[in-house]
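I have placed the structure first, in the form of structure tokens, so that the comments after it can refer back to it.
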Amino acid sequence: MSSTVTARARQWTTWGPVVAALVLGLAWGRDLPGFAVAIVVVCLFAAVLSAVHHAEVIAHRIGEPFGSLVLAVAVTVIEVGLIVMLMTGGGDKATSYARDTVFAAVMITCNGIVGLSLLVGALRNRTAVFNAEGSGGELAIVCTLATMTLVLPTFTTTHPGPEFSAGQLAFAAVASLLLYAVFVGVQTVRHRDYFLPVPRPDRGIPESEDEHAEPPTARDAWFSLGLLVVALVAVVGNAKLVSPTIEDAVASAGLPKAVVGVVIALMVLLPETLAAVRAASRDRMQTSMNLAYGSAIASIGLTIPSIALASIWLDGPLILGLGPLHMVLLVLTAVVSALTVVPGRATLLQGSVHLAIFAAFVFLSFSP
């Protein structure tokens with residue numbers, strides 16, 4: 001083992017994911033008392049912080065926009081597994097889990113993460129600067145995927161209720177997957193420069209905290225990749241463990257069941273949120289936008305095809321269509337996001353507007 005790996009083995013970001021995974025293995029399938037749930041929550045947050053650290057190590061090795069893509073895809077792939085698990089064991093109440101989780105992910109990324117990142121970037125530099133071409137393209141895909149998979153099912157007439165027919169669901173799944181594949185190709189190959197940090201006239205390209213340090217070795221990057229996967233599995237698995245406690249609390253409080261999806265989405269998206277805010281604090285606003293919109297694209301583009309495939313053996317209907325309240329929030333998000341992205345720069349005002357929409361989403365989830 002190299003000296004670098006040995007030194008890193010002493011860090012909490014190395015043993016944190018391992019401990020969280022061990023706790024996950026010991027607690028899986030058991031009824032947890034209150035103190036055990038508290039331990040799981042501590043391990044969950046340790047895994048979140050560790051995931052952010054290892055994602056940044058990988059990003060330093062392979063550069064942008066690959067670094068943000070790794071974190072977004074890794075979180076989303078495991079998030080899909082969580083949704084399938086919840087739908088498998090949730091019975092009738094799980095018919096809308098996919099819709100609730102995907103919509104929550106869109107609102108969290110496009111308003112929560114974007115708004116917080118813009119706020120941090122504007123407080124640091126008065127204006128947050130990003131690439132309008134790259135961010136605008138990402139936003140266009142988010143709006144298209146969200147409308148195609150979450151709005152159209154409410155208005156189709158082949159199948160009663162806010163559901164797709166089998167053929168419509170297959171079309172939406174294939175279209176989502178193809179759009180996601182095109183996005184990845186454009187972001188990483190054909191127009192990679194659209195998704196890189198924008199240089200400022202007075203300072204040039206903003207540098208990350210580790211810009212002057214030697215990139216980690218390939219061995220260290222693979223070491224971090226392995227721990228990133230362990231950390232993300234621990235995040236999603238421990239979120240699944242605490243979900244019964246959340247469900248019981250939601251039911252006892254008389255809150256809508258959609259609150260469960262919102263809370264779980266908030267926990268699962270914590271790694272991307274922290275990574276985006278840290279990038280914004282270093283004046284790398286484009287990285288924050290890549291993480292936010294890339295996560296939203298991955299959440300829809302990978303979840304819908306996976307759920308469509310899983311619906312072959314899952315019993316019960318698959319409710320995807322949004323209600324009028326959530327449609328209004330989605331349209332408002334799309335319009336405000338377009339006004340934010342088009343100029344290629346934003347101030348405290350735009351960040352505050354996005355956070356206000358996010359706050360409205362959270363409040364109306366608890367009190368529709």
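Identifiers for the structure tokens are assigned positionally: chains receive A, B, ... in sequence, residues are indexed from 1 per chain, and ligands are indexed from 1 in the order shown.
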
- prompt: What's the 9 Å shell around A:Leu152, counting only C-alpha atoms, without same-chain residues fewer than 2 positions away, as a ChimeraX atom specification?
  reply: /A:147-150,154-156,162-164,320-322

field: Near-A:Val341 list (7 Å; only C-alpha atoms; drop same-chain fewer than 3 positions) as a list in words
entry: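 Within the cut-off, the hits are Ala132, Ser135, Gly136, Ser337, Ala338 and Gly344 of chain A.
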
- prompt: Which value, in Å to one decimal, gives the distance between atom CA of A:Val40 and atom CA of A:Leu228?
  reply: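 Between these atoms lies a distance of 18.2 Å.
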
message: Would you pick out the contacts of A:Leu269 at 12 Å or less, using only C-alpha atoms, so that residues sharing its chain but fewer than 4 positions from it are not included, and give the list as a count of residues only?
response: 42

message: Neighbouring residues of A:Ala36 were defined as those with any atom within 12 Å, considering only C-alpha atoms; residues of the same chain fewer than 2 positions away were excluded. Please report them as a ChimeraX atom specification.
response: /A:23-24,26-28,30-34,38-43,238,241-242,245

Written selection (N, CA and C atoms) as a PDB file, in the first residue's frame:
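Output (out_9.pdb):
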ATOM      1  N   VAL A  23     -22.973  -1.057   9.833  1.00  0.00           N
ATOM      2  CA  VAL A  23     -24.219  -0.800  10.564  1.00  0.00           C
ATOM      3  C   VAL A  23     -25.421  -1.165   9.697  1.00  0.00           C
ATOM      4  N   LEU A  24     -25.344  -0.840   8.410  1.00  0.00           N
ATOM      5  CA  LEU A  24     -26.414  -1.195   7.485  1.00  0.00           C
ATOM      6  C   LEU A  24     -26.621  -2.705   7.445  1.00  0.00           C
ATOM      7  N   LEU A  26     -25.795  -4.955   9.744  1.00  0.00           N
ATOM      8  CA  LEU A  26     -26.281  -5.467  11.024  1.00  0.00           C
ATOM      9  C   LEU A  26     -27.753  -5.133  11.262  1.00  0.00           C
ATOM     10  N   ALA A  27     -28.179  -3.964  10.767  1.00  0.00           N
ATOM     11  CA  ALA A  27     -29.538  -3.501  11.066  1.00  0.00           C
ATOM     12  C   ALA A  27     -30.560  -3.907  10.016  1.00  0.00           C
ATOM     13  N   TRP A  28     -30.109  -4.382   8.847  1.00  0.00           N
ATOM     14  CA  TRP A  28     -31.038  -4.656   7.757  1.00  0.00           C
ATOM     15  C   TRP A  28     -32.039  -5.754   8.138  1.00  0.00           C
ATOM     16  N   ARG A  30     -34.314  -5.695  10.467  1.00  0.00           N
ATOM     17  CA  ARG A  30     -34.667  -5.736  11.888  1.00  0.00           C
ATOM     18  C   ARG A  30     -35.567  -4.564  12.250  1.00  0.00           C
ATOM     19  N   ASP A  31     -36.349  -4.744  13.304  1.00  0.00           N
ATOM     20  CA  ASP A  31     -37.114  -3.645  13.879  1.00  0.00           C
ATOM     21  C   ASP A  31     -36.194  -2.884  14.825  1.00  0.00           C
ATOM     22  N   LEU A  32     -35.939  -1.624  14.514  1.00  0.00           N
ATOM     23  CA  LEU A  32     -34.942  -0.855  15.251  1.00  0.00           C
ATOM     24  C   LEU A  32     -35.582  -0.028  16.352  1.00  0.00           C
ATOM     25  N   PRO A  33     -35.019  -0.111  17.574  1.00  0.00           N
ATOM     26  CA  PRO A  33     -35.469   0.798  18.637  1.00  0.00           C
ATOM     27  C   PRO A  33     -34.944   2.209  18.383  1.00  0.00           C
ATOM     28  N   GLY A  34     -35.380   3.145  19.228  1.00  0.00           N
ATOM     29  CA  GLY A  34     -35.045   4.550  19.011  1.00  0.00           C
ATOM     30  C   GLY A  34     -33.563   4.841  18.986  1.00  0.00           C
ATOM     31  N   ALA A  38     -31.115   6.351  15.898  1.00  0.00           N
ATOM     32  CA  ALA A  38     -30.210   7.495  16.051  1.00  0.00           C
ATOM     33  C   ALA A  38     -28.812   7.155  15.548  1.00  0.00           C
ATOM     34  N   ILE A  39     -28.336   5.939  15.837  1.00  0.00           N
ATOM     35  CA  ILE A  39     -27.018   5.511  15.351  1.00  0.00           C
ATOM     36  C   ILE A  39     -27.007   5.446  13.830  1.00  0.00           C
ATOM     37  N   VAL A  40     -28.083   4.925  13.260  1.00  0.00           N
ATOM     38  CA  VAL A  40     -28.184   4.835  11.797  1.00  0.00           C
ATOM     39  C   VAL A  40     -28.139   6.220  11.172  1.00  0.00           C
ATOM     40  N   VAL A  41     -28.829   7.189  11.793  1.00  0.00           N
ATOM     41  CA  VAL A  41     -28.845   8.556  11.265  1.00  0.00           C
ATOM     42  C   VAL A  41     -27.447   9.161  11.299  1.00  0.00           C
ATOM     43  N   VAL A  42     -26.710   8.930  12.389  1.00  0.00           N
ATOM     44  CA  VAL A  42     -25.321   9.436  12.484  1.00  0.00           C
ATOM     45  C   VAL A  42     -24.468   8.829  11.378  1.00  0.00           C
ATOM     46  N   CYS A  43     -24.590   7.524  11.182  1.00  0.00           N
ATOM     47  CA  CYS A  43     -23.827   6.847  10.123  1.00  0.00           C
ATOM     48  C   CYS A  43     -24.233   7.351   8.744  1.00  0.00           C
ATOM     49  N   ASN A 238     -29.166   3.124   4.528  1.00  0.00           N
ATOM     50  CA  ASN A 238     -29.538   3.654   5.842  1.00  0.00           C
ATOM     51  C   ASN A 238     -30.764   4.555   5.741  1.00  0.00           C
ATOM     52  N   LEU A 241     -33.500   2.262   5.942  1.00  0.00           N
ATOM     53  CA  LEU A 241     -33.712   1.783   7.311  1.00  0.00           C
ATOM     54  C   LEU A 241     -34.520   2.766   8.150  1.00  0.00           C
ATOM     55  N   VAL A 242     -34.276   4.060   7.946  1.00  0.00           N
ATOM     56  CA  VAL A 242     -34.990   5.047   8.757  1.00  0.00           C
ATOM     57  C   VAL A 242     -36.335   5.421   8.144  1.00  0.00           C
ATOM     58  N   THR A 245     -39.463   4.654  10.232  1.00  0.00           N
ATOM     59  CA  THR A 245     -39.646   5.628  11.300  1.00  0.00           C
ATOM     60  C   THR A 245     -40.255   6.909  10.747  1.00  0.00           C
TER      61      THR A 245
END

query: Taking only C-alpha atoms into account, which of A:Ala221, A:Ile307, A:Val229, A:Val336 comes nearest A:Leu349?
result: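 That would be A:Val336, the residue with the smallest distance to A:Leu349.
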
task: Write out as a VMD selection string all residues of stretch 112-341 of chain A that backbone DSSP assigns to strand (DSSP E or B).
output: chain A and resid 128 to 129 200 204

For the residues selected in the previous step, produce a file with all heavy atoms as a compact mmCIF listing (two decimals), in the first residue's frame.
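result-v7.txt written:
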# COMPACT_ATOMS: atom_id res chain seq x y z
N ALA A 128 -22.69 35.44 -9.55
CA ALA A 128 -22.29 34.07 -9.84
C ALA A 128 -22.29 33.90 -11.36
O ALA A 128 -23.31 34.15 -12.02
CB ALA A 128 -23.25 33.09 -9.18
N VAL A 129 -21.16 33.48 -11.92
CA VAL A 129 -21.01 33.39 -13.37
C VAL A 129 -20.96 31.92 -13.79
O VAL A 129 -20.25 31.12 -13.18
CB VAL A 129 -19.73 34.11 -13.83
CG1 VAL A 129 -19.58 34.01 -15.33
CG2 VAL A 129 -19.77 35.58 -13.40
N ARG A 200 -13.31 34.57 -15.44
CA ARG A 200 -13.69 35.96 -15.19
C ARG A 200 -12.65 36.88 -15.82
O ARG A 200 -11.46 36.55 -15.84
CB ARG A 200 -13.76 36.22 -13.68
CG ARG A 200 -14.97 35.58 -13.00
CD ARG A 200 -14.97 35.90 -11.52
NE ARG A 200 -16.14 35.36 -10.85
CZ ARG A 200 -17.27 36.02 -10.65
NH1 ARG A 200 -17.38 37.27 -11.10
NH2 ARG A 200 -18.29 35.47 -10.04
N GLY A 204 -9.44 35.26 -14.58
CA GLY A 204 -9.24 34.05 -15.37
C GLY A 204 -10.14 32.95 -14.86
O GLY A 204 -11.15 33.17 -14.21

Distance table requested - stretch 270-358 of chain A against stretch 181-185 of chain A, cut-off 9 Å, only C-alpha atoms: one row per qualifying residue with the closest atom pair and its distance in Å to one decimal, ordered by chain and rising residue number, as a Markdown table.
| residue | atom | partner | partner_atom | distance |
| --- | --- | --- | --- | --- |
| A:Gly294 | CA | A:Phe183 | CA | 8.9 |
| A:Ile297 | CA | A:Phe183 | CA | 8.6 |
| A:Gly301 | CA | A:Ala181 | CA | 8.7 |

Go ahead and write the selection's residues with C-alpha atoms as an mmCIF file, in the first residue's frame.
data_model
loop_
_atom_site.group_PDB
_atom_site.id
_atom_site.type_symbol
_atom_site.label_atom_id
_atom_site.label_comp_id
_atom_site.auth_asym_id
_atom_site.auth_seq_id
_atom_site.Cartn_x
_atom_site.Cartn_y
_atom_site.Cartn_z
ATOM 1 C CA GLY A 294 -27.155 16.724 -14.123
ATOM 2 C CA ILE A 297 -31.563 14.646 -15.662
ATOM 3 C CA GLY A 301 -33.528 9.600 -17.354
#

- prompt: Which one of A:Leu255, A:Lys240, A:Ser365, A:Leu139 sits closest to A:Val114 if you count only C-alpha atoms?
  reply: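 The answer is A:Leu139, which sits nearest to A:Val114.
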
- request: Between A:Val233, A:Arg219, A:Val142, A:Leu123, single out the one closest to A:Val18, counting only C-alpha atoms.
  value: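 Smallest distance to A:Val18 is found for A:Val233.
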
- prompt: Do you know which residues are at most 9 Å from A:Val70 counting only C-alpha atoms, after dropping those on the same chain fewer than 5 positions away, and could you put them as a ChimeraX atom specification?
  reply: /A:55,58-59,65,75

The selected residues should be written to file as a CSV table (one decimal), in the first residue's frame (atoms: N, CA, C and O atoms).
chain,number,residue,atom,x,y,z
A,55,ALA,N,-15.9,11.9,-3.9
A,55,ALA,CA,-16.2,12.5,-5.3
A,55,ALA,C,-15.3,13.6,-5.7
A,55,ALA,O,-14.9,13.7,-6.9
A,58,ILE,N,-12.0,12.1,-6.9
A,58,ILE,CA,-12.1,11.6,-8.3
A,58,ILE,C,-12.2,12.7,-9.3
A,58,ILE,O,-11.6,12.7,-10.3
A,59,ALA,N,-13.0,13.8,-8.9
A,59,ALA,CA,-13.1,14.9,-9.8
A,59,ALA,C,-11.7,15.6,-10.1
A,59,ALA,O,-11.4,16.0,-11.2
A,65,PRO,N,-16.1,18.0,-17.0
A,65,PRO,CA,-17.3,17.8,-16.1
A,65,PRO,C,-17.5,16.4,-15.7
A,65,PRO,O,-18.5,16.0,-15.1
A,75,VAL,N,-25.1,8.5,-7.4
A,75,VAL,CA,-26.2,8.7,-6.5
A,75,VAL,C,-27.6,8.2,-7.1
A,75,VAL,O,-28.4,7.6,-6.5

Which of stretch 150-358 of chain A fall in helix (DSSP H, G or I), as number ranges by chain: A: 150-155, 166-190, 192-195, 218-252, 258-268, 270-281, 285-310, 324-341, 348-358

- prompt: Which distance in Å separates atom CA of A:Arg278 and atom CA of A:Ser117, to one decimal?
  reply: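 Taking atom CA of A:Arg278 and atom CA of A:Ser117, their separation equals 8.3 Å.
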
- request: Using only C-alpha atoms, find the one residue out of A:Ile304, A:Val342, A:Ile312, A:Met289 that sits nearest to A:Val80.
  value: A:Ile304

message: What does the structure give for the distance between atom CA of A:Leu309 and atom CA of A:Ala166, in Å to one decimal?
response: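 These atoms are spaced 10.6 Å apart.
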